[in-house]
Amino acid sequence: MVLEDYKCVLCSHQTEETLEHLFLICPFAEVCWATLGIYIPQHDDIFAVLDNVKLMLNMSYMEIIITMAWSIWEVRNDAIFRGIAPSVQNCKRIFKREFAWVILRARASYHPFISQ
């Protein structure tokens, strides 16, 4: 997509918005992850980052990663397309709403782990 500007709208670093920046390196994203007790290590290998997150969560982790990435994406799009100022509280609200759907779709045996 051709845009006038490729800078991240979630932070004031005037950094180009790449996938790694938006979801992992951006200070806004780091704070969003931290609200879940997940601290993203600075690493060049995305798979090493995912392995670290898996160890931090000690459970099925892909649902959490996908849901938080989606929440960050929604906050970004709200800032760009709706003019809504990005906030960590809004990201967490989106995460809780979306994760409630994950819990509803999960097997009953997974509910205790997911609820933690």
# chains A, B, ... in the order shown; residues from 1 in each chain; ligands from 1
>>> residues_around(residues="Cys91 (chain A)", least_positions_apart="6", cutoff="10 Å", atoms="only C-alpha atoms", output="ChimeraX atom specification")
/A:28-29,32-33,35,68-76,97
>>> atom_distance(atom1="CA of Glu98 (chain A)", atom2="CA of Ala48 (chain A)")
25.8 Å
>>> closest_residue(among="A:Phe95, A:Asn52, A:Asp78, A:Phe47", to="Ile64 (chain A)", atoms="only C-alpha atoms")
A:Phe95
>>> closest_residue(among="A:Ile40, A:Val88, A:Ala106, A:Ile25", to="Glu63 (chain A)", atoms="only C-alpha atoms")
A:Ala106
>>> residues_around(residues="Thr15 (chain A)", least_positions_apart="4", cutoff="9 Å", atoms="only C-alpha atoms", output="number ranges by chain")
A: 6-8, 11, 21, 26
>>> atom_distance(atom1="CA of Ser12 (chain A)", atom2="CA of Ser87 (chain A)")
13.3 Å
>>> residues_around(residues="Met56 (chain A)", least_positions_apart="6", cutoff="10 Å", atoms="only C-alpha atoms", output="PDB file with N, CA and C atoms, in the first residue's frame")
ATOM      1  N   GLY A  37       2.130  -9.344  31.635  1.00  0.00           N
ATOM      2  CA  GLY A  37       3.281  -9.969  32.282  1.00  0.00           C
ATOM      3  C   GLY A  37       4.265 -10.550  31.292  1.00  0.00           C
ATOM      4  N   ILE A  38       4.192 -10.084  30.049  1.00  0.00           N
ATOM      5  CA  ILE A  38       5.088 -10.571  29.003  1.00  0.00           C
ATOM      6  C   ILE A  38       6.066  -9.458  28.658  1.00  0.00           C
ATOM      7  N   TYR A  39       7.340  -9.775  28.776  1.00  0.00           N
ATOM      8  CA  TYR A  39       8.388  -8.804  28.460  1.00  0.00           C
ATOM      9  C   TYR A  39       9.149  -9.330  27.255  1.00  0.00           C
ATOM     10  N   ILE A  40       9.049  -8.595  26.160  1.00  0.00           N
ATOM     11  CA  ILE A  40       9.620  -9.029  24.891  1.00  0.00           C
ATOM     12  C   ILE A  40      11.126  -8.758  24.899  1.00  0.00           C
ATOM     13  N   LEU A  50       9.410 -15.778  20.288  1.00  0.00           N
ATOM     14  CA  LEU A  50       8.237 -16.608  20.558  1.00  0.00           C
ATOM     15  C   LEU A  50       8.549 -17.702  21.582  1.00  0.00           C
TER      16      LEU A  50
END
>>> residues_around(residues="Ala79 (chain A)", least_positions_apart="6", cutoff="9 Å", atoms="only C-alpha atoms", output="ChimeraX atom specification")
/A:9-10,85-86
>>> write_last_selection(atoms="C-alpha atoms", output="PDB file, in the first residue's frame")
ATOM      1  CA  VAL A   9       1.511   6.189  14.764  1.00  0.00           C
ATOM      2  CA  LEU A  10       1.761   4.532  18.175  1.00  0.00           C
ATOM      3  CA  ALA A  85      -5.647   8.487  20.397  1.00  0.00           C
ATOM      4  CA  PRO A  86      -3.752   5.260  21.157  1.00  0.00           C
TER       5      PRO A  86
END
>>> select_by_dssp(residues="chain A", states="helix (DSSP H, G or I)", output="PyMOL selection string")
chain A and resi 19-25+27-34+46-57+62-82+88-105+108-115
>>> write_last_selection(atoms="C-alpha atoms", output="PDB file, in the first residue's frame")
ATOM      1  CA  LEU A  19       6.041  -5.717  11.588  1.00  0.00           C
ATOM      2  CA  GLU A  20       8.784  -6.131  14.167  1.00  0.00           C
ATOM      3  CA  HIS A  21       8.505  -2.518  15.274  1.00  0.00           C
ATOM      4  CA  LEU A  22       4.710  -2.415  15.460  1.00  0.00           C
ATOM      5  CA  PHE A  23       4.209  -5.647  17.388  1.00  0.00           C
ATOM      6  CA  LEU A  24       7.428  -6.061  19.377  1.00  0.00           C
ATOM      7  CA  ILE A  25       9.820  -3.098  19.519  1.00  0.00           C
ATOM      8  CA  PRO A  27       7.410   1.307  23.226  1.00  0.00           C
ATOM      9  CA  PHE A  28       3.601   1.278  23.037  1.00  0.00           C
ATOM     10  CA  ALA A  29       3.579  -2.428  22.146  1.00  0.00           C
ATOM     11  CA  GLU A  30       6.100  -3.212  24.890  1.00  0.00           C
ATOM     12  CA  VAL A  31       3.800  -1.640  27.499  1.00  0.00           C
ATOM     13  CA  CYS A  32       0.791  -3.507  26.094  1.00  0.00           C
ATOM     14  CA  TRP A  33       2.640  -6.833  26.358  1.00  0.00           C
ATOM     15  CA  ALA A  34       3.806  -5.922  29.867  1.00  0.00           C
ATOM     16  CA  ILE A  46      11.438 -13.791  15.870  1.00  0.00           C
ATOM     17  CA  PHE A  47      11.275 -17.504  16.687  1.00  0.00           C
ATOM     18  CA  ALA A  48      13.570 -16.978  19.675  1.00  0.00           C
ATOM     19  CA  VAL A  49      11.208 -14.234  20.868  1.00  0.00           C
ATOM     20  CA  LEU A  50       8.237 -16.608  20.558  1.00  0.00           C
ATOM     21  CA  ASP A  51      10.127 -19.294  22.467  1.00  0.00           C
ATOM     22  CA  ASN A  52      10.828 -16.803  25.269  1.00  0.00           C
ATOM     23  CA  VAL A  53       7.162 -15.816  25.427  1.00  0.00           C
ATOM     24  CA  LYS A  54       6.185 -19.483  25.548  1.00  0.00           C
ATOM     25  CA  LEU A  55       8.492 -19.994  28.540  1.00  0.00           C
ATOM     26  CA  MET A  56       7.070 -16.908  30.294  1.00  0.00           C
ATOM     27  CA  LEU A  57       3.496 -18.123  29.894  1.00  0.00           C
ATOM     28  CA  MET A  62      -0.333 -18.717  20.511  1.00  0.00           C
ATOM     29  CA  GLU A  63      -3.851 -17.574  21.384  1.00  0.00           C
ATOM     30  CA  ILE A  64      -2.420 -14.909  23.685  1.00  0.00           C
ATOM     31  CA  ILE A  65       0.158 -13.746  21.131  1.00  0.00           C
ATOM     32  CA  ILE A  66      -2.384 -13.577  18.321  1.00  0.00           C
ATOM     33  CA  THR A  67      -4.973 -11.796  20.458  1.00  0.00           C
ATOM     34  CA  MET A  68      -2.517  -9.160  21.711  1.00  0.00           C
ATOM     35  CA  ALA A  69      -1.148  -8.604  18.199  1.00  0.00           C
ATOM     36  CA  TRP A  70      -4.725  -8.136  16.981  1.00  0.00           C
ATOM     37  CA  SER A  71      -5.414  -5.688  19.825  1.00  0.00           C
ATOM     38  CA  ILE A  72      -2.332  -3.613  18.959  1.00  0.00           C
ATOM     39  CA  TRP A  73      -3.403  -3.689  15.293  1.00  0.00           C
ATOM     40  CA  GLU A  74      -6.902  -2.445  16.201  1.00  0.00           C
ATOM     41  CA  VAL A  75      -5.482   0.427  18.289  1.00  0.00           C
ATOM     42  CA  ARG A  76      -3.205   1.348  15.368  1.00  0.00           C
ATOM     43  CA  ASN A  77      -6.096   1.308  12.896  1.00  0.00           C
ATOM     44  CA  ASP A  78      -8.294   3.332  15.264  1.00  0.00           C
ATOM     45  CA  ALA A  79      -5.546   5.965  15.398  1.00  0.00           C
ATOM     46  CA  ILE A  80      -5.142   6.078  11.618  1.00  0.00           C
ATOM     47  CA  PHE A  81      -8.719   5.717  10.415  1.00  0.00           C
ATOM     48  CA  ARG A  82     -10.832   7.025  13.308  1.00  0.00           C
ATOM     49  CA  VAL A  88      -2.754   1.071  26.589  1.00  0.00           C
ATOM     50  CA  GLN A  89      -6.094   0.929  28.419  1.00  0.00           C
ATOM     51  CA  ASN A  90      -7.928   0.694  25.098  1.00  0.00           C
ATOM     52  CA  CYS A  91      -5.557  -2.032  23.908  1.00  0.00           C
ATOM     53  CA  LYS A  92      -6.173  -4.012  27.091  1.00  0.00           C
ATOM     54  CA  ARG A  93      -9.936  -3.540  26.738  1.00  0.00           C
ATOM     55  CA  ILE A  94      -9.792  -4.881  23.177  1.00  0.00           C
ATOM     56  CA  PHE A  95      -7.630  -7.786  24.345  1.00  0.00           C
ATOM     57  CA  LYS A  96     -10.123  -8.727  27.075  1.00  0.00           C
ATOM     58  CA  ARG A  97     -13.061  -8.538  24.650  1.00  0.00           C
ATOM     59  CA  GLU A  98     -11.334 -10.658  22.007  1.00  0.00           C
ATOM     60  CA  PHE A  99      -9.891 -13.136  24.500  1.00  0.00           C
ATOM     61  CA  ALA A 100     -13.370 -13.731  25.908  1.00  0.00           C
ATOM     62  CA  TRP A 101     -14.243 -15.104  22.460  1.00  0.00           C
ATOM     63  CA  VAL A 102     -11.163 -17.354  22.580  1.00  0.00           C
ATOM     64  CA  ILE A 103     -12.296 -18.743  25.920  1.00  0.00           C
ATOM     65  CA  LEU A 104     -15.798 -19.418  24.588  1.00  0.00           C
ATOM     66  CA  ARG A 105     -14.412 -21.344  21.626  1.00  0.00           C
ATOM     67  CA  ALA A 108     -13.767 -26.909  28.512  1.00  0.00           C
ATOM     68  CA  SER A 109     -10.621 -28.698  29.675  1.00  0.00           C
ATOM     69  CA  TYR A 110      -8.551 -25.654  28.626  1.00  0.00           C
ATOM     70  CA  HIS A 111     -10.644 -23.087  30.510  1.00  0.00           C
ATOM     71  CA  PRO A 112      -8.701 -23.213  33.817  1.00  0.00           C
ATOM     72  CA  PHE A 113      -5.387 -22.600  31.993  1.00  0.00           C
ATOM     73  CA  ILE A 114      -6.769 -19.866  29.772  1.00  0.00           C
ATOM     74  CA  SER A 115      -8.480 -18.078  32.644  1.00  0.00           C
TER      75      SER A 115
END
